[in-house]
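Student: Let me give you the structure first, and then I'll get to my questions.
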Amino acid sequence: MGSTPIRAGAAALRACRCLLPGLLALCSGWAHADLSILGTRFIYGADKPAMSIRVGNSGRAPILLQAWLDQGDAEADPSVLAVPFVLSPPISRLEPRQHTALVLRYSGEPLPSDRESVFWINFLEVPPLGALKDNQLRLASRMRMKLLYRPGGLPGKADEAVGQLRWKLVPGGPAGATLLARNPTPYYVSFAELALGGARTITVQGITVEPLGSTRIALPEVQGLTPDQAVVHYQVATDSGETLSGSARIQD
């Protein structure tokens, strides 16, 4: 990415974080995002020379779009990030109702060959400067979407990885129990929602289990489980972007 637009994007993000609390206290504002992105997450196969990411402006005024990648730290300064991908153009202007494509290319730096790697694509939409009506607030809008780099030759299928997870309830002290999810597969498993139990459920959202790793989920309300509660009900994201529902029994 070019250094000038990246530094400008970092400054814009810092400015928004600093100014937002005061602005919201002064007026009843609104923020409307006109940027549209085709997809909810992206998978870059090792055999792909490039990937297109379709973006558009659904509004009635031009917008400025800046895009960059990070490795999981949403607060990282884009000007100092080093990721093995090139996203172009890094900054673009979208006219009303215009659609275009950003091009993502893997730059070849070594990544693990036995499992997926995860990155995040940032989309910063900056609305045009113009006359505002009373009590209106116009803010930059930022979205982050997951990018998975998938090496060739991985065993199994990504959409079947959730069925291979192993679940275990680890008893805790006064703070409650912990649900441990172990992933023996080379694929990331991303849950939109997890629910534990039968009639009395404990629901958590936004859980990801990394490949060949594990994730611990705190369950402060659990002190003991009856047989019908020793089940995890889940909604998991698939490669196609759909949500798959299922369940798995917790092991002793």
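Naming scheme: A, B, ... for chains in displayed order of the structure tokens; residues 1 onward per chain; ligands 1 onward as shown.
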List every residue of range 30-101 of chain A that DSSP, applied to the backbone of this structure, assigns to strand (DSSP E), and report them as a ChimeraX atom specification.
Tutor: /A:35-37,41-45,51-57,63-70,85-88,91-94,99-101
Student: Suppose we keep N, CA and C atoms; can you now write the selection as a short mmCIF file (atom, residue, chain, number, x, y, z; two decimals), in the first residue's frame?
Tutor:
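Listing of selection.cif after writing:
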```
data_model
loop_
_atom_site.label_atom_id
_atom_site.label_comp_id
_atom_site.auth_asym_id
_atom_site.auth_seq_id
_atom_site.Cartn_x
_atom_site.Cartn_y
_atom_site.Cartn_z
N LEU A 35 -21.62 2.04 1.63
CA LEU A 35 -20.73 1.05 1.04
C LEU A 35 -21.36 -0.34 1.11
N SER A 36 -21.35 -1.06 0.00
CA SER A 36 -21.83 -2.44 -0.04
C SER A 36 -20.66 -3.34 -0.47
N ILE A 37 -20.59 -4.52 0.16
CA ILE A 37 -19.52 -5.48 -0.12
C ILE A 37 -20.16 -6.83 -0.37
N ARG A 41 -17.17 -13.15 4.28
CA ARG A 41 -15.76 -13.47 4.54
C ARG A 41 -15.18 -14.00 3.24
N PHE A 42 -13.84 -14.08 3.18
CA PHE A 42 -13.18 -14.41 1.93
C PHE A 42 -12.16 -15.52 2.16
N ILE A 43 -12.05 -16.44 1.19
CA ILE A 43 -11.13 -17.56 1.27
C ILE A 43 -10.20 -17.49 0.07
N TYR A 44 -8.91 -17.37 0.35
CA TYR A 44 -7.91 -17.27 -0.69
C TYR A 44 -7.17 -18.60 -0.78
N GLY A 45 -7.47 -19.36 -1.82
CA GLY A 45 -6.79 -20.63 -2.04
C GLY A 45 -5.39 -20.43 -2.57
N MET A 51 -7.60 -12.54 -6.30
CA MET A 51 -9.01 -12.62 -5.92
C MET A 51 -9.65 -11.23 -6.08
N SER A 52 -10.87 -11.21 -6.59
CA SER A 52 -11.62 -9.96 -6.74
C SER A 52 -12.61 -9.82 -5.60
N ILE A 53 -12.69 -8.62 -5.05
CA ILE A 53 -13.64 -8.31 -3.99
C ILE A 53 -14.56 -7.22 -4.51
N ARG A 54 -15.82 -7.55 -4.69
CA ARG A 54 -16.77 -6.62 -5.29
C ARG A 54 -17.28 -5.63 -4.24
N VAL A 55 -17.19 -4.35 -4.57
CA VAL A 55 -17.67 -3.30 -3.68
C VAL A 55 -18.55 -2.34 -4.49
N GLY A 56 -19.39 -1.60 -3.80
CA GLY A 56 -20.27 -0.67 -4.49
C GLY A 56 -20.73 0.45 -3.58
N ASN A 57 -21.26 1.47 -4.20
CA ASN A 57 -21.82 2.62 -3.50
C ASN A 57 -23.33 2.64 -3.76
N ILE A 63 -18.48 8.52 -2.40
CA ILE A 63 -17.81 8.16 -1.16
C ILE A 63 -16.35 7.83 -1.48
N LEU A 64 -15.52 7.95 -0.46
CA LEU A 64 -14.12 7.59 -0.57
C LEU A 64 -13.92 6.29 0.20
N LEU A 65 -13.28 5.31 -0.42
CA LEU A 65 -13.06 4.01 0.20
C LEU A 65 -11.57 3.75 0.34
N GLN A 66 -11.16 3.44 1.56
CA GLN A 66 -9.80 3.00 1.81
C GLN A 66 -9.85 1.57 2.33
N ALA A 67 -8.96 0.71 1.83
CA ALA A 67 -8.97 -0.70 2.21
C ALA A 67 -7.56 -1.15 2.54
N TRP A 68 -7.43 -1.96 3.61
CA TRP A 68 -6.13 -2.50 4.00
C TRP A 68 -6.35 -3.77 4.82
N LEU A 69 -5.27 -4.50 5.09
CA LEU A 69 -5.35 -5.75 5.84
C LEU A 69 -4.60 -5.63 7.15
N ASP A 70 -5.07 -6.38 8.15
CA ASP A 70 -4.32 -6.52 9.39
C ASP A 70 -4.33 -7.99 9.80
N PHE A 85 -0.03 -9.80 1.61
CA PHE A 85 -1.02 -9.58 0.56
C PHE A 85 -0.93 -8.14 0.09
N VAL A 86 -1.29 -7.94 -1.16
CA VAL A 86 -1.39 -6.61 -1.73
C VAL A 86 -2.83 -6.41 -2.18
N LEU A 87 -3.45 -5.35 -1.69
CA LEU A 87 -4.84 -5.04 -2.04
C LEU A 87 -4.85 -3.73 -2.81
N SER A 88 -5.38 -3.77 -4.03
CA SER A 88 -5.35 -2.57 -4.86
C SER A 88 -6.71 -2.33 -5.52
N ILE A 91 -6.95 2.99 -2.12
CA ILE A 91 -7.90 4.07 -1.90
C ILE A 91 -8.60 4.38 -3.22
N SER A 92 -9.91 4.57 -3.17
CA SER A 92 -10.66 4.79 -4.41
C SER A 92 -11.88 5.64 -4.12
N ARG A 93 -12.37 6.27 -5.16
CA ARG A 93 -13.60 7.07 -5.08
C ARG A 93 -14.70 6.31 -5.82
N LEU A 94 -15.84 6.17 -5.17
CA LEU A 94 -16.98 5.49 -5.77
C LEU A 94 -18.10 6.50 -5.99
N HIS A 99 -20.31 0.34 -9.04
CA HIS A 99 -19.76 -0.91 -8.52
C HIS A 99 -18.40 -1.15 -9.18
N THR A 100 -17.50 -1.69 -8.39
CA THR A 100 -16.17 -1.97 -8.90
C THR A 100 -15.58 -3.14 -8.13
N ALA A 101 -14.33 -3.46 -8.41
CA ALA A 101 -13.69 -4.60 -7.73
C ALA A 101 -12.32 -4.19 -7.23
#
```
Student: For Arg216 in chain A, which residue among A:Val236, A:Lys168, A:Val204, A:Leu180 is the nearest when counting only C-alpha atoms?
Tutor: A:Leu180
Student: Could you list, as a ChimeraX atom specification, every residue within 7 Å of range 144-147 of chain A, counting only C-alpha atoms and ignoring same-chain residues fewer than 4 positions away?
Tutor: /A:40-43,118-123
Student: Output the selection as an mmCIF file, in the first residue's frame - N, CA and C atoms for each residue.
Tutor:
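Dumped to out27.cif:
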```
data_model
loop_
_atom_site.group_PDB
_atom_site.id
_atom_site.type_symbol
_atom_site.label_atom_id
_atom_site.label_comp_id
_atom_site.auth_asym_id
_atom_site.auth_seq_id
_atom_site.Cartn_x
_atom_site.Cartn_y
_atom_site.Cartn_z
ATOM 1 N N THR A 40 -19.365 -12.128 3.040
ATOM 2 C CA THR A 40 -19.240 -11.889 4.478
ATOM 3 C C THR A 40 -17.857 -12.269 4.989
ATOM 4 N N ARG A 41 -17.167 -13.147 4.277
ATOM 5 C CA ARG A 41 -15.765 -13.469 4.538
ATOM 6 C C ARG A 41 -15.177 -14.003 3.242
ATOM 7 N N PHE A 42 -13.839 -14.082 3.183
ATOM 8 C CA PHE A 42 -13.178 -14.410 1.928
ATOM 9 C C PHE A 42 -12.157 -15.525 2.165
ATOM 10 N N ILE A 43 -12.051 -16.438 1.187
ATOM 11 C CA ILE A 43 -11.133 -17.559 1.269
ATOM 12 C C ILE A 43 -10.197 -17.489 0.067
ATOM 13 N N VAL A 118 -5.222 -16.717 9.142
ATOM 14 C CA VAL A 118 -6.320 -15.754 9.141
ATOM 15 C C VAL A 118 -5.787 -14.325 9.119
ATOM 16 N N PHE A 119 -6.461 -13.487 8.348
ATOM 17 C CA PHE A 119 -6.189 -12.052 8.276
ATOM 18 C C PHE A 119 -7.540 -11.341 8.266
ATOM 19 N N TRP A 120 -7.493 -10.010 8.334
ATOM 20 C CA TRP A 120 -8.727 -9.213 8.328
ATOM 21 C C TRP A 120 -8.592 -8.100 7.302
ATOM 22 N N ILE A 121 -9.647 -7.949 6.487
ATOM 23 C CA ILE A 121 -9.694 -6.856 5.524
ATOM 24 C C ILE A 121 -10.533 -5.726 6.112
ATOM 25 N N ASN A 122 -9.956 -4.530 6.117
ATOM 26 C CA ASN A 122 -10.624 -3.339 6.633
ATOM 27 C C ASN A 122 -11.151 -2.501 5.482
ATOM 28 N N PHE A 123 -12.380 -2.039 5.605
ATOM 29 C CA PHE A 123 -12.999 -1.151 4.626
ATOM 30 C C PHE A 123 -13.428 0.117 5.359
#
```
Student: Please determine, counting only C-alpha atoms, which residue among A:Gln205, A:Val231, A:Leu212, A:Ala192 has the shortest atom-to-atom distance to Ser245 in chain A.
Tutor: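 Closest to Ser245 in chain A, using only C-alpha atoms: A:Ala192.
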Student: Quote the spacing between CA of Gln98 in chain A and CA of Ser58 in chain A in Å to one decimal place.
Tutor: 7.5 Å
Student: Of the residues A:Pro127, A:Gly108, A:Gly72, A:Gly163, which is the one nearest to Arg142 in chain A, using only C-alpha atoms?
Tutor: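 Among the listed residues, A:Pro127 lies closest to Arg142 in chain A.
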